[in-house]
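Source file: final-v7.pdb; contents: PDB, C-alpha atoms.
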MODEL        1
ATOM      1  CA  MET I   1       5.624  13.543  11.658
ATOM      2  CA  LYS I   2       8.432  11.076  12.231
ATOM      3  CA  PRO I   3      10.198  10.123   8.972
ATOM      4  CA  ILE I   4       9.319   6.723   7.520
ATOM      5  CA  PRO I   5      12.275   4.301   7.753
ATOM      6  CA  LEU I   6      12.833   3.143   4.175
ATOM      7  CA  ALA I   7      15.110   0.507   2.614
ATOM      8  CA  ILE I   8      15.909  -0.077  -1.058
ATOM      9  CA  VAL I   9      17.204  -3.248  -2.717
ATOM     10  CA  GLU I  10      18.003  -2.531  -6.379
ATOM     11  CA  ASP I  11      20.974  -3.680  -8.465
ATOM     12  CA  ASP I  12      20.596  -1.192 -11.334
ATOM     13  CA  PRO I  13      22.928   1.682 -10.360
ATOM     14  CA  ILE I  14      20.981   4.372 -12.220
ATOM     15  CA  ILE I  15      17.608   3.391 -10.765
ATOM     16  CA  ARG I  16      19.115   2.846  -7.316
ATOM     17  CA  GLU I  17      20.774   6.265  -7.288
ATOM     18  CA  SER I  18      17.603   7.963  -8.579
ATOM     19  CA  LEU I  19      15.552   6.396  -5.784
ATOM     20  CA  ARG I  20      18.163   7.141  -3.163
ATOM     21  CA  THR I  21      18.500  10.776  -4.227
ATOM     22  CA  PHE I  22      14.797  11.512  -4.690
ATOM     23  CA  LEU I  23      13.492   9.713  -1.623
ATOM     24  CA  GLY I  24      16.542  10.333   0.541
ATOM     25  CA  ASP I  25      16.186  14.094   0.088
ATOM     26  CA  ASP I  26      12.517  13.976   1.068
ATOM     27  CA  PRO I  27      12.066  14.769   4.795
ATOM     28  CA  GLN I  28       9.138  12.335   4.918
ATOM     29  CA  PHE I  29      11.605   9.443   4.680
ATOM     30  CA  GLU I  30      14.650   8.166   6.513
ATOM     31  CA  LEU I  31      16.721   6.000   4.174
ATOM     32  CA  VAL I  32      18.041   3.350   6.564
ATOM     33  CA  TYR I  33      19.767   1.054   4.056
ATOM     34  CA  THR I  34      20.374   0.568   0.337
ATOM     35  CA  ALA I  35      21.531  -2.801  -1.000
ATOM     36  CA  VAL I  36      22.458  -4.191  -4.411
ATOM     37  CA  SER I  37      21.583  -7.825  -3.678
ATOM     38  CA  MET I  38      19.279  -9.876  -1.510
ATOM     39  CA  GLU I  39      22.216 -11.628   0.131
ATOM     40  CA  ASP I  40      23.685  -8.275   1.171
ATOM     41  CA  PHE I  41      20.390  -7.062   2.589
ATOM     42  CA  ILE I  42      19.627 -10.240   4.525
ATOM     43  CA  GLN I  43      23.127 -10.290   6.017
ATOM     44  CA  THR I  44      22.749  -6.659   7.074
ATOM     45  CA  LEU I  45      19.414  -7.360   8.778
ATOM     46  CA  GLN I  46      20.964 -10.289  10.624
ATOM     47  CA  ASP I  47      24.019  -8.309  11.741
ATOM     48  CA  ASN I  48      22.253  -5.048  12.585
ATOM     49  CA  PRO I  49      19.026  -5.487  14.561
ATOM     50  CA  ARG I  50      18.663  -1.709  14.772
ATOM     51  CA  ILE I  51      18.028  -1.495  11.011
ATOM     52  CA  THR I  52      14.253  -1.782  10.959
ATOM     53  CA  PRO I  53      12.672  -0.350   7.802
ATOM     54  CA  ALA I  54       8.934   0.224   7.904
ATOM     55  CA  VAL I  55       8.689   0.075   4.107
ATOM     56  CA  MET I  56      11.057  -1.235   1.477
ATOM     57  CA  LEU I  57      11.333  -1.100  -2.295
ATOM     58  CA  LEU I  58      12.445  -4.478  -3.621
ATOM     59  CA  ASP I  59      13.488  -5.377  -7.148
ATOM     60  CA  ILE I  60      12.566  -8.837  -8.432
ATOM     61  CA  GLN I  61      15.461  -9.539 -10.793
ATOM     62  CA  LEU I  62      18.581  -9.393  -8.636
ATOM     63  CA  PRO I  63      22.010 -11.023  -8.977
ATOM     64  CA  GLY I  64      21.903 -14.270  -7.031
ATOM     65  CA  GLN I  65      18.742 -14.678  -4.987
ATOM     66  CA  SER I  66      15.678 -13.061  -6.529
ATOM     67  CA  GLY I  67      13.438 -10.581  -4.766
ATOM     68  CA  ILE I  68      10.579 -13.072  -4.622
ATOM     69  CA  GLN I  69      12.828 -15.709  -3.036
ATOM     70  CA  GLY I  70      13.997 -13.169  -0.481
ATOM     71  CA  ILE I  71      10.566 -12.011   0.701
ATOM     72  CA  PRO I  72      10.001 -14.851   3.222
ATOM     73  CA  LEU I  73      13.490 -14.315   4.669
ATOM     74  CA  ILE I  74      12.886 -10.586   5.044
ATOM     75  CA  LYS I  75       9.492 -11.133   6.679
ATOM     76  CA  LYS I  76      11.031 -13.669   9.070
ATOM     77  CA  LEU I  77      13.649 -11.146  10.197
ATOM     78  CA  ARG I  78      11.416  -8.056  10.053
ATOM     79  CA  PRO I  79       7.757  -9.203  10.155
ATOM     80  CA  GLU I  80       6.386  -5.658  10.287
ATOM     81  CA  VAL I  81       8.047  -4.353   7.111
ATOM     82  CA  ASP I  82       5.772  -3.557   4.152
ATOM     83  CA  ILE I  83       7.351  -4.700   0.875
ATOM     84  CA  ILE I  84       6.731  -2.918  -2.419
ATOM     85  CA  MET I  85       7.949  -4.800  -5.467
ATOM     86  CA  LEU I  86       9.543  -2.467  -8.014
ATOM     87  CA  THR I  87      10.144  -4.255 -11.289
ATOM     88  CA  THR I  88      10.050  -4.375 -15.057
ATOM     89  CA  PHE I  89       8.137  -7.671 -14.935
ATOM     90  CA  GLU I  90       4.375  -7.370 -15.330
ATOM     91  CA  GLU I  91       3.592 -11.056 -15.790
ATOM     92  CA  SER I  92       0.715 -12.519 -13.829
ATOM     93  CA  ASP I  93       2.762 -15.408 -12.441
ATOM     94  CA  LYS I  94       5.412 -13.089 -10.975
ATOM     95  CA  ILE I  95       2.825 -10.636  -9.652
ATOM     96  CA  PHE I  96       0.951 -13.325  -7.744
ATOM     97  CA  ALA I  97       4.130 -15.084  -6.620
ATOM     98  CA  ALA I  98       5.311 -11.829  -5.030
ATOM     99  CA  LEU I  99       1.946 -11.055  -3.443
ATOM    100  CA  CYS I 100       1.543 -14.589  -2.122
ATOM    101  CA  ALA I 101       5.068 -14.484  -0.678
ATOM    102  CA  GLY I 102       4.188 -11.437   1.388
ATOM    103  CA  ALA I 103       4.587  -8.293  -0.730
ATOM    104  CA  CYS I 104       1.757  -5.789  -0.309
ATOM    105  CA  SER I 105       2.234  -3.744  -3.481
ATOM    106  CA  TYR I 106       3.648  -4.136  -6.978
ATOM    107  CA  LEU I 107       4.926  -1.235  -9.080
ATOM    108  CA  SER I 108       6.264  -1.039 -12.599
ATOM    109  CA  LYS I 109       9.613   0.713 -12.992
ATOM    110  CA  ARG I 110       7.978   2.711 -15.755
ATOM    111  CA  VAL I 111       6.137   4.842 -13.189
ATOM    112  CA  SER I 112       7.513   8.199 -12.048
ATOM    113  CA  LEU I 113       9.512   8.834  -8.893
ATOM    114  CA  VAL I 114       6.563  10.877  -7.618
ATOM    115  CA  THR I 115       4.314   7.841  -8.029
ATOM    116  CA  ILE I 116       6.803   5.671  -6.140
ATOM    117  CA  ARG I 117       6.888   8.244  -3.344
ATOM    118  CA  ASP I 118       3.077   8.272  -3.187
ATOM    119  CA  ALA I 119       3.051   4.471  -3.118
ATOM    120  CA  VAL I 120       5.398   4.368  -0.123
ATOM    121  CA  LEU I 121       3.204   6.879   1.727
ATOM    122  CA  THR I 122       0.035   4.958   0.879
ATOM    123  CA  VAL I 123       1.502   1.644   2.003
ATOM    124  CA  HIS I 124       2.798   3.137   5.260
ATOM    125  CA  ARG I 125      -0.731   4.353   6.016
ATOM    126  CA  GLY I 126      -2.007   0.799   5.703
ATOM    127  CA  GLY I 127      -3.015   0.778   2.057
ATOM    128  CA  SER I 128      -1.797  -1.042  -1.026
ATOM    129  CA  TYR I 129      -0.602   0.381  -4.327
ATOM    130  CA  MET I 130      -0.310  -1.083  -7.801
ATOM    131  CA  SER I 131       0.475   0.335 -11.210
ATOM    132  CA  PRO I 132      -2.699   0.529 -13.341
ATOM    133  CA  SER I 133      -1.463  -2.117 -15.794
ATOM    134  CA  ILE I 134      -0.660  -4.473 -12.925
ATOM    135  CA  ALA I 135      -3.934  -3.790 -11.123
ATOM    136  CA  ARG I 136      -5.736  -4.730 -14.314
ATOM    137  CA  LYS I 137      -3.985  -8.090 -14.409
ATOM    138  CA  VAL I 138      -5.079  -8.727 -10.823
ATOM    139  CA  VAL I 139      -8.689  -7.865 -11.711
ATOM    140  CA  GLU I 140      -8.564 -10.077 -14.799
ATOM    141  CA  HIS I 141      -7.264 -12.940 -12.683
ATOM    142  CA  PHE I 142     -10.399 -12.871 -10.525
ATOM    143  CA  ALA I 143     -12.708 -12.143 -13.468
ATOM    144  CA  PRO I 144     -11.248 -14.233 -16.291
ATOM    145  CA  ILE I 145     -12.212 -13.323 -19.819
ATOM    146  CA  PRO I 146     -14.286 -16.089 -21.452
ATOM    147  CA  LYS I 147     -12.629 -18.021 -24.217
ATOM    148  CA  LYS I 148     -13.166 -16.629 -27.679
ATOM    149  CA  GLU I 149     -15.843 -18.414 -29.618
ATOM    150  CA  ASP I 150     -13.662 -18.599 -32.729
ATOM    151  CA  GLY I 151     -10.857 -20.604 -31.183
ATOM    152  CA  PRO I 152      -9.535 -22.514 -28.164
ATOM    153  CA  LEU I 153      -6.598 -20.186 -27.437
ATOM    154  CA  THR I 154      -6.515 -17.433 -24.828
ATOM    155  CA  SER I 155      -5.940 -13.846 -25.922
ATOM    156  CA  ARG I 156      -2.301 -13.997 -24.752
ATOM    157  CA  GLN I 157      -1.699 -17.265 -26.580
ATOM    158  CA  GLN I 158      -3.188 -15.784 -29.743
ATOM    159  CA  GLU I 159      -0.888 -12.761 -29.447
ATOM    160  CA  ILE I 160       2.097 -15.104 -29.275
ATOM    161  CA  VAL I 161       0.864 -17.104 -32.266
ATOM    162  CA  ASP I 162       0.447 -13.882 -34.269
ATOM    163  CA  CYS I 163       4.013 -12.846 -33.434
ATOM    164  CA  ILE I 164       5.396 -16.230 -34.497
ATOM    165  CA  VAL I 165       3.402 -16.227 -37.742
ATOM    166  CA  ASN I 166       4.711 -12.734 -38.481
ATOM    167  CA  GLY I 167       8.269 -14.019 -38.275
ATOM    168  CA  LEU I 168       9.282 -12.924 -34.779
ATOM    169  CA  SER I 169      11.618 -15.126 -32.774
ATOM    170  CA  TYR I 170      10.700 -16.219 -29.255
ATOM    171  CA  LYS I 171      12.970 -13.515 -27.826
ATOM    172  CA  MET I 172      11.510 -10.821 -30.091
ATOM    173  CA  THR I 173       8.030 -11.983 -29.093
ATOM    174  CA  ALA I 174       8.954 -11.735 -25.401
ATOM    175  CA  ASP I 175      10.320  -8.208 -25.891
ATOM    176  CA  LYS I 176       7.277  -7.069 -27.865
ATOM    177  CA  LEU I 177       4.770  -8.403 -25.326
ATOM    178  CA  GLY I 178       6.786  -7.390 -22.256
ATOM    179  CA  ILE I 179       7.123 -10.925 -20.893
ATOM    180  CA  SER I 180      10.064 -13.241 -20.268
ATOM    181  CA  LEU I 181      11.493 -15.716 -22.756
ATOM    182  CA  ASP I 182      10.599 -18.593 -20.410
ATOM    183  CA  THR I 183       6.982 -17.418 -20.329
ATOM    184  CA  VAL I 184       6.840 -17.422 -24.146
ATOM    185  CA  ARG I 185       8.214 -20.962 -24.211
ATOM    186  CA  THR I 186       5.667 -22.088 -21.623
ATOM    187  CA  HIS I 187       2.829 -20.578 -23.667
ATOM    188  CA  ILE I 188       4.152 -22.241 -26.835
ATOM    189  CA  LYS I 189       4.148 -25.601 -25.067
ATOM    190  CA  HIS I 190       0.526 -25.110 -24.013
ATOM    191  CA  ILE I 191      -0.458 -23.911 -27.497
ATOM    192  CA  TYR I 192       0.997 -27.076 -29.027
ATOM    193  CA  GLN I 193      -0.979 -29.168 -26.534
ATOM    194  CA  VAL I 194      -4.261 -27.317 -27.165
ATOM    195  CA  LEU I 195      -3.902 -27.414 -30.957
ATOM    196  CA  GLU I 196      -2.449 -30.940 -30.897
ATOM    197  CA  ILE I 197       0.564 -30.021 -33.000
ATOM    198  CA  ASN I 198       4.299 -30.609 -32.562
ATOM    199  CA  SER I 199       6.214 -27.918 -34.419
ATOM    200  CA  LYS I 200       6.401 -24.247 -35.316
ATOM    201  CA  GLY I 201       5.833 -25.168 -38.956
ATOM    202  CA  GLU I 202       2.510 -26.804 -38.123
ATOM    203  CA  LEU I 203       1.564 -23.771 -36.017
ATOM    204  CA  ILE I 204       2.263 -21.346 -38.857
ATOM    205  CA  LYS I 205       0.488 -23.519 -41.451
ATOM    206  CA  ARG I 206      -2.572 -23.923 -39.258
ATOM    207  CA  SER I 207      -2.753 -20.184 -38.568
ATOM    208  CA  LEU I 208      -2.391 -19.250 -42.228
ATOM    209  CA  ASP I 209      -5.038 -21.795 -43.233
ATOM    210  CA  LYS I 210      -7.396 -20.293 -40.651
ATOM    211  CA  ARG I 211      -6.835 -16.797 -42.066
ATOM    212  CA  ARG I 212      -7.801 -18.028 -45.541
ATOM    213  CA  ASP I 213     -11.087 -19.506 -44.287
TER     214      ASP I 213
ENDMDL
END
Output the structure of this file as structure tokens.
Amino acid sequence: MKPIPLAIVEDDPIIRESLRTFLGDDPQFELVYTAVSMEDFIQTLQDNPRITPAVMLLDIQLPGQSGIQGIPLIKKLRPEVDIIMLTTFEESDKIFAALCAGACSYLSKRVSLVTIRDAVLTVHRGGSYMSPSIARKVVEHFAPIPKKEDGPLTSRQQEIVDCIVNGLSYKMTADKLGISLDTVRTHIKHIYQVLEINSKGELIKRSLDKRRD
């Protein structure tokens, strides 16, 4: 079988080298290009029409232009390439932004190199591949969990409230829940609107009062 032309865009040197070594040594793949930024990769595609990856592993959080921003540019230059997002972000908004932009799969960096290899093979055969935790978020998006009867907040919003009440900062809350700081702030804004409050103090007082009831 002809090796699968594969490209990698990853700025973390350890992860990039691990992928390049593991997949580059596998005869099933031909590593056609490895880049550290989206700008570098796009420029290479423009300058070298012979570089035509069939599948690529693309990080979201890159220096300069993000992976999600780069997807339309990549698809414009190489419409046939299948893009697998490889990232630490497992937030619903980023997952769907990547998929809507043209990515066909979304993998957590927590998965093994063997799993990444299997994902590339699956995608090249016409399939799609997602980490279990990410696949669950996709399923939950199309089958939303009904609101809890005991309150107006979603389960995620309640998790954030619990973290704040327990003394965690916004950053600590983001780290604990595996989401970005901006996402925490967005949730806090919505929580204030739903509960019709204006400060963290009111949020904590209201939550403690509810626990006493």
Selection result for the PyMOL selection byres ((chain I and resi 63) around 10) on this file, as a VMD selection string: chain I and resid 10 to 11 36 to 39 60 to 62 64 to 67
Pull C-alpha atoms from the residues just selected and write them as a PDB file, keeping the file's coordinate frame.
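selection-v8.pdb, freshly written:
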ATOM      1  CA  GLU I  10      18.003  -2.531  -6.379  1.00  0.00           C
ATOM      2  CA  ASP I  11      20.974  -3.680  -8.465  1.00  0.00           C
ATOM      3  CA  VAL I  36      22.458  -4.191  -4.411  1.00  0.00           C
ATOM      4  CA  SER I  37      21.583  -7.825  -3.678  1.00  0.00           C
ATOM      5  CA  MET I  38      19.279  -9.876  -1.510  1.00  0.00           C
ATOM      6  CA  GLU I  39      22.216 -11.628   0.131  1.00  0.00           C
ATOM      7  CA  ILE I  60      12.566  -8.837  -8.432  1.00  0.00           C
ATOM      8  CA  GLN I  61      15.461  -9.539 -10.793  1.00  0.00           C
ATOM      9  CA  LEU I  62      18.581  -9.393  -8.636  1.00  0.00           C
ATOM     10  CA  GLY I  64      21.903 -14.270  -7.031  1.00  0.00           C
ATOM     11  CA  GLN I  65      18.742 -14.678  -4.987  1.00  0.00           C
ATOM     12  CA  SER I  66      15.678 -13.061  -6.529  1.00  0.00           C
ATOM     13  CA  GLY I  67      13.438 -10.581  -4.766  1.00  0.00           C
TER      14      GLY I  67
END
If you apply the PyMOL selection byres ((chain I and resi 107-117) around 8) to this file, what residues do you get, as a VMD selection string? chain I and resid 19 22 to 23 84 to 90 105 to 106 118 to 121 129 to 131 134
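Applied to this file, the PyMOL selection byres ((chain I and resi 45) around 12) selects I:Ala7, I:Val32, I:Tyr33, I:Thr34, I:Ala35, I:Met38, I:Glu39, I:Asp40, I:Phe41, I:Ile42, I:Gln43, I:Thr44, I:Gln46, I:Asp47, I:Asn48, I:Pro49, I:Arg50, I:Ile51, I:Thr52, I:Pro53, I:Leu73, I:Ile74, I:Lys75, I:Lys76, I:Leu77, I:Arg78, I:Pro79, I:Val81.
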To one decimal place in Å, what is the distance between atom CA of I:Pro27 and atom CA of I:Met1?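 We find that atom CA of I:Pro27 and atom CA of I:Met1 lie 9.5 Å from each other.
Neighbours of I:His187 closer than or equal to 12 Å, with all atoms listed in the file counted and sequence neighbours fewer than 5 positions away skipped, come out as Leu153, Thr154, Ser155, Arg156, Gln157, Gln158, Glu159, Ile160, Val161, Ile164, Tyr170, Thr173, Ala174, Ile179, Ser180, Leu181, Asp182, Tyr192, Gln193 and Val194 of chain I.
Atom pair atom CA of I:Leu6 / atom CA of I:Val55 has a distance of 5.2 Å (rounded to one decimal).
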So the first atom is atom CA of I:Ala135 and the second is atom CA of I:Glu30; what is the distance between them in Å, to one decimal place?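 Between these atoms lies a distance of 28.3 Å.
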For I:Ile71, please output as a ChimeraX atom specification all residues within 9 Å (counting only C-alpha atoms; exclusion window: fewer than 6 positions along the same chain). /I:58,83,98,101-103
Shortest interatomic distance to I:Asp209 - which of I:Gln28, I:Gly70, I:Val165, I:Ile15, counting all atoms listed in the file: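 Nearest to I:Asp209: I:Val165.
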